[in-house]
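One structure below.
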Amino acid sequence: MENTKAEFSRKLRKFAESRLFAQLLPIVFLVVLAICFSIATHGRFSKPTSLKIILDQALIVGTVSTGAAFIFASGNVNLAMGATSVLTATIAGMVYNATGSFPVMVIVAIGLGIALMVAAALLSTLLNVRVMFVTIVMMTLLVSVQQSILGGSNVSIAYELTSSLKDAGFPYIVFSLFFVLSFVLFNWTRTGRSLKMLGTNRVCAEQTGISFQKYLLQAFIIAGVGCGIGALLIITRSGSIGTGTMSSLNMDCMLAMVLGGMSIFGGSRSFVYAGIIGSLTVCVLNQGLLMINVDSTLIQGVRGVLFLVLVCTSQKRPKGLPAPEG
């Protein structure tokens, strides 16, 4: 009997440390959370209107987080994804109002998203400063730039454009295209494999000929595309952009990554779809807490505590190659 219990306990520990468990746990948590909120709201949470709100918001967070997965995979954290997306949406909206051209707005949004992310990557590599520290400074700077541009006003986009984009399913189409592209790049190309190797152990990866600077730049370019597309989705969803628009996007993206099962160390246990699962969980959490009349300030506190708990519980680096230096 004792041998049987010991064997069962060993198998249970092995499963808990397996890749499959890491993939399944976020999905189980999402389902359980949705069921709990449905019960707490007597079914109101599960109504189509509520689910539509969750999905529309999750598309934005999921798009930006999917791009961020490439940076996370390398063992780095980018804290400026949300600020980049919102500033890009502001400038792209102003460009559309000035030109009346949707294609120009798309080009500006994606181009600016890439440019801002490339600037962060170059600052990190050229100055030899950790990505997290560079992006903290950039986050503050980009928020200040947006506030300076807008002042107390908003950038409003013509309702005819936003409504036609929604009717055509634009948000779902561009998100699907970006996710498929990201999935292929992450799982079946040298870029994805190299980033995961760098996250597992940078020293060993560089000794095999993988350039940290090269692949980090590629990760930031892909993340920049995600920010640009996220900006277009913000414009489509909101129609009007002010200093308070998507103000929690930075935190939403960070929380989405860890809730989606992404390791803060990156490496082989990184999943490109973590951003999607995590974004749905974040938006379910936001909507559910609002529907049970939790104060918005308290919601931010709950999200912050949850993020800290998840980060602290994932501090143990997975067993494998020696940890990177520094």
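Chain labels run A, B, ... following the order of the structure tokens; each chain numbers its residues from 1, and ligands are numbered from 1 in the order shown.
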Worksheet item: What lies within 9 Å of Met262 of chain A using only C-alpha atoms, ignoring chain neighbours under 3 positions off, as an MDAnalysis selection string?
Response: chainID A and resid 22 69 72:73 256:259 265:266 269:272 274:275
Taking N, CA and C atoms for each residue, export the selection above as a PDB file, in the first residue's frame.
```
ATOM      1  N   ALA A  22       1.417  22.494 -17.562  1.00  0.00           N
ATOM      2  CA  ALA A  22       1.583  23.945 -17.727  1.00  0.00           C
ATOM      3  C   ALA A  22       0.652  24.490 -18.799  1.00  0.00           C
ATOM      4  N   ALA A  69       4.903  37.705 -26.517  1.00  0.00           N
ATOM      5  CA  ALA A  69       5.364  36.344 -26.228  1.00  0.00           C
ATOM      6  C   ALA A  69       6.770  36.098 -26.766  1.00  0.00           C
ATOM      7  N   PHE A  72       9.116  37.643 -24.227  1.00  0.00           N
ATOM      8  CA  PHE A  72       9.104  36.806 -23.022  1.00  0.00           C
ATOM      9  C   PHE A  72       9.901  35.528 -23.250  1.00  0.00           C
ATOM     10  N   ALA A  73       9.788  34.943 -24.438  1.00  0.00           N
ATOM     11  CA  ALA A  73      10.479  33.684 -24.725  1.00  0.00           C
ATOM     12  C   ALA A  73      11.983  33.813 -24.573  1.00  0.00           C
ATOM     13  N   ALA A 256      -1.861  38.979 -18.469  1.00  0.00           N
ATOM     14  CA  ALA A 256      -2.295  37.973 -19.441  1.00  0.00           C
ATOM     15  C   ALA A 256      -1.197  36.949 -19.702  1.00  0.00           C
ATOM     16  N   MET A 257       0.045  37.412 -19.779  1.00  0.00           N
ATOM     17  CA  MET A 257       1.140  36.490 -20.057  1.00  0.00           C
ATOM     18  C   MET A 257       1.303  35.456 -18.939  1.00  0.00           C
ATOM     19  N   VAL A 258       1.292  35.915 -17.697  1.00  0.00           N
ATOM     20  CA  VAL A 258       1.501  34.967 -16.595  1.00  0.00           C
ATOM     21  C   VAL A 258       0.257  34.103 -16.359  1.00  0.00           C
ATOM     22  N   LEU A 259      -0.936  34.673 -16.543  1.00  0.00           N
ATOM     23  CA  LEU A 259      -2.161  33.879 -16.405  1.00  0.00           C
ATOM     24  C   LEU A 259      -2.282  32.852 -17.527  1.00  0.00           C
ATOM     25  N   PHE A 265      10.723  33.281 -17.086  1.00  0.00           N
ATOM     26  CA  PHE A 265      12.093  33.020 -17.513  1.00  0.00           C
ATOM     27  C   PHE A 265      12.180  32.716 -19.003  1.00  0.00           C
ATOM     28  N   GLY A 266      11.028  32.595 -19.677  1.00  0.00           N
ATOM     29  CA  GLY A 266      11.049  32.260 -21.089  1.00  0.00           C
ATOM     30  C   GLY A 266      11.496  30.828 -21.300  1.00  0.00           C
ATOM     31  N   ARG A 269       9.527  26.414 -22.123  1.00  0.00           N
ATOM     32  CA  ARG A 269       8.149  26.349 -21.617  1.00  0.00           C
ATOM     33  C   ARG A 269       7.386  27.620 -21.945  1.00  0.00           C
ATOM     34  N   SER A 270       7.710  28.207 -23.094  1.00  0.00           N
ATOM     35  CA  SER A 270       7.003  29.392 -23.575  1.00  0.00           C
ATOM     36  C   SER A 270       6.000  28.967 -24.639  1.00  0.00           C
ATOM     37  N   PHE A 271       4.816  29.570 -24.603  1.00  0.00           N
ATOM     38  CA  PHE A 271       3.763  29.232 -25.551  1.00  0.00           C
ATOM     39  C   PHE A 271       3.236  30.517 -26.188  1.00  0.00           C
ATOM     40  N   VAL A 272       3.160  30.543 -27.506  1.00  0.00           N
ATOM     41  CA  VAL A 272       2.713  31.756 -28.183  1.00  0.00           C
ATOM     42  C   VAL A 272       1.238  32.040 -27.910  1.00  0.00           C
ATOM     43  N   ALA A 274      -0.203  31.691 -25.079  1.00  0.00           N
ATOM     44  CA  ALA A 274      -0.413  32.101 -23.685  1.00  0.00           C
ATOM     45  C   ALA A 274      -1.113  33.455 -23.618  1.00  0.00           C
ATOM     46  N   GLY A 275      -0.775  34.334 -24.566  1.00  0.00           N
ATOM     47  CA  GLY A 275      -1.399  35.659 -24.573  1.00  0.00           C
ATOM     48  C   GLY A 275      -2.897  35.611 -24.805  1.00  0.00           C
TER      49      GLY A 275
END
```
Practice prompt. With a distance cut-off of 7 Å and only C-alpha atoms, select the neighbouring residues of segment 150-156 of chain A, excluding the residue or stretch itself and same-chain residues fewer than 6 positions from it, and output the selection as a ChimeraX atom specification.
Written response: /A:90,93-94,239-242
Discussion item. Residues within 7 Å of Met81 of chain A, please, as a PyMOL selection string. Count only C-alpha atoms; anything in the same chain fewer than 6 positions from it doesn't count.
Written reply: chain A and resi 64+227+250
Keeping all heavy atoms for every residue in the selection just given, could you write it to a file as a PDB file, in the first residue's frame?
```pdb
ATOM      1  N   VAL A  64      -1.716  42.242 -28.598  1.00  0.00           N
ATOM      2  CA  VAL A  64      -0.491  42.835 -28.060  1.00  0.00           C
ATOM      3  C   VAL A  64       0.315  41.789 -27.286  1.00  0.00           C
ATOM      4  O   VAL A  64       1.548  41.724 -27.395  1.00  0.00           O
ATOM      5  CB  VAL A  64      -0.828  44.040 -27.159  1.00  0.00           C
ATOM      6  CG1 VAL A  64       0.440  44.652 -26.575  1.00  0.00           C
ATOM      7  CG2 VAL A  64      -1.589  45.105 -27.957  1.00  0.00           C
ATOM      8  N   CYS A 227       1.777  45.563 -31.638  1.00  0.00           N
ATOM      9  CA  CYS A 227       1.354  46.861 -31.094  1.00  0.00           C
ATOM     10  C   CYS A 227       0.606  47.679 -32.146  1.00  0.00           C
ATOM     11  O   CYS A 227      -0.390  48.347 -31.844  1.00  0.00           O
ATOM     12  CB  CYS A 227       2.565  47.640 -30.594  1.00  0.00           C
ATOM     13  SG  CYS A 227       3.290  46.994 -29.080  1.00  0.00           S
ATOM     14  N   ASN A 250      -1.057  48.084 -20.254  1.00  0.00           N
ATOM     15  CA  ASN A 250       0.247  47.562 -19.835  1.00  0.00           C
ATOM     16  C   ASN A 250       0.091  46.433 -18.821  1.00  0.00           C
ATOM     17  O   ASN A 250       0.667  45.357 -18.968  1.00  0.00           O
ATOM     18  CB  ASN A 250       1.096  48.682 -19.211  1.00  0.00           C
ATOM     19  CG  ASN A 250       1.848  49.499 -20.241  1.00  0.00           C
ATOM     20  OD1 ASN A 250       2.376  48.958 -21.204  1.00  0.00           O
ATOM     21  ND2 ASN A 250       1.897  50.801 -20.046  1.00  0.00           N
TER      22      ASN A 250
END
```
Item to complete: Run DSSP on the backbone and give me the residues of segment 10-256 of chain A it puts in strand (DSSP E or B), as an NGL selection string.
Response: :A and (155-156 or 240-241)
Selection file, N, CA and C atoms, as a CSV table (one decimal), in the first residue's frame:
```csv
chain,number,residue,atom,x,y,z
A,155,VAL,N,-9.0,62.3,-29.7
A,155,VAL,CA,-8.9,62.0,-31.1
A,155,VAL,C,-10.1,61.2,-31.5
A,156,SER,N,-11.1,61.7,-32.3
A,156,SER,CA,-12.3,61.0,-32.6
A,156,SER,C,-12.2,60.5,-34.1
A,240,SER,N,-12.8,56.8,-30.3
A,240,SER,CA,-12.4,58.0,-29.7
A,240,SER,C,-11.2,57.7,-28.7
A,241,ILE,N,-10.1,58.4,-28.9
A,241,ILE,CA,-8.9,58.0,-28.1
A,241,ILE,C,-8.6,59.2,-27.2
```
Item to complete: Fewer than 2 positions away in the same chain doesn't count, so skip those; otherwise give me all residues within 10 Å of Thr191 of chain A, counting only C-alpha atoms, as a PyMOL selection string.
Response: chain A and resi 70+185-189+193-197+210+214-216+218-219
Using N, CA and C atoms, can you write the selected residues to a file as an mmCIF file, in the first residue's frame?
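Writing the result to result07.cif gives the following:
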```
data_model
loop_
_atom_site.group_PDB
_atom_site.id
_atom_site.type_symbol
_atom_site.label_atom_id
_atom_site.label_comp_id
_atom_site.auth_asym_id
_atom_site.auth_seq_id
_atom_site.Cartn_x
_atom_site.Cartn_y
_atom_site.Cartn_z
ATOM 1 N N PHE A 70 7.103 36.726 -27.878
ATOM 2 C CA PHE A 70 8.434 36.540 -28.464
ATOM 3 C C PHE A 70 9.512 37.141 -27.560
ATOM 4 N N LEU A 185 5.899 31.429 -36.835
ATOM 5 C CA LEU A 185 7.222 31.961 -36.519
ATOM 6 C C LEU A 185 7.737 31.413 -35.196
ATOM 7 N N PHE A 186 6.869 31.274 -34.224
ATOM 8 C CA PHE A 186 7.270 30.869 -32.883
ATOM 9 C C PHE A 186 7.650 29.394 -32.813
ATOM 10 N N ASN A 187 6.935 28.558 -33.563
ATOM 11 C CA ASN A 187 7.102 27.118 -33.423
ATOM 12 C C ASN A 187 7.918 26.457 -34.534
ATOM 13 N N TRP A 188 7.948 27.049 -35.710
ATOM 14 C CA TRP A 188 8.537 26.345 -36.852
ATOM 15 C C TRP A 188 9.607 27.133 -37.597
ATOM 16 N N THR A 189 10.173 28.140 -36.977
ATOM 17 C CA THR A 189 11.252 28.888 -37.622
ATOM 18 C C THR A 189 12.455 29.007 -36.690
ATOM 19 N N ARG A 193 12.822 29.232 -32.366
ATOM 20 C CA ARG A 193 13.701 28.285 -31.669
ATOM 21 C C ARG A 193 14.858 29.014 -30.987
ATOM 22 N N SER A 194 15.426 29.995 -31.667
ATOM 23 C CA SER A 194 16.566 30.723 -31.106
ATOM 24 C C SER A 194 16.164 31.537 -29.887
ATOM 25 N N LEU A 195 14.999 32.160 -29.941
ATOM 26 C CA LEU A 195 14.531 32.948 -28.800
ATOM 27 C C LEU A 195 14.302 32.062 -27.578
ATOM 28 N N LYS A 196 13.728 30.876 -27.797
ATOM 29 C CA LYS A 196 13.506 29.959 -26.673
ATOM 30 C C LYS A 196 14.826 29.426 -26.120
ATOM 31 N N MET A 197 15.801 29.229 -26.991
ATOM 32 C CA MET A 197 17.119 28.796 -26.527
ATOM 33 C C MET A 197 17.796 29.894 -25.706
ATOM 34 N N ILE A 210 24.186 31.660 -31.748
ATOM 35 C CA ILE A 210 22.945 32.444 -31.753
ATOM 36 C C ILE A 210 23.238 33.837 -31.214
ATOM 37 N N LYS A 214 20.665 40.072 -32.461
ATOM 38 C CA LYS A 214 19.913 39.827 -33.697
ATOM 39 C C LYS A 214 18.506 39.330 -33.414
ATOM 40 N N TYR A 215 18.400 38.319 -32.567
ATOM 41 C CA TYR A 215 17.091 37.714 -32.348
ATOM 42 C C TYR A 215 16.225 38.529 -31.386
ATOM 43 N N LEU A 216 16.855 39.283 -30.494
ATOM 44 C CA LEU A 216 16.059 40.190 -29.666
ATOM 45 C C LEU A 216 15.431 41.270 -30.540
ATOM 46 N N GLN A 218 14.618 40.938 -33.680
ATOM 47 C CA GLN A 218 13.522 40.304 -34.406
ATOM 48 C C GLN A 218 12.284 40.165 -33.520
ATOM 49 N N ALA A 219 12.512 39.810 -32.251
ATOM 50 C CA ALA A 219 11.390 39.674 -31.313
ATOM 51 C C ALA A 219 10.673 41.007 -31.147
#
```
Item to complete: Return the single residue from A:Ile136, A:Leu123, A:Val282, A:Met291 that is closest to Phe29 of chain A, with distances computed using only C-alpha atoms.
Response: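 Of the candidates, the smallest distance to Phe29 of chain A is held by A:Val282.
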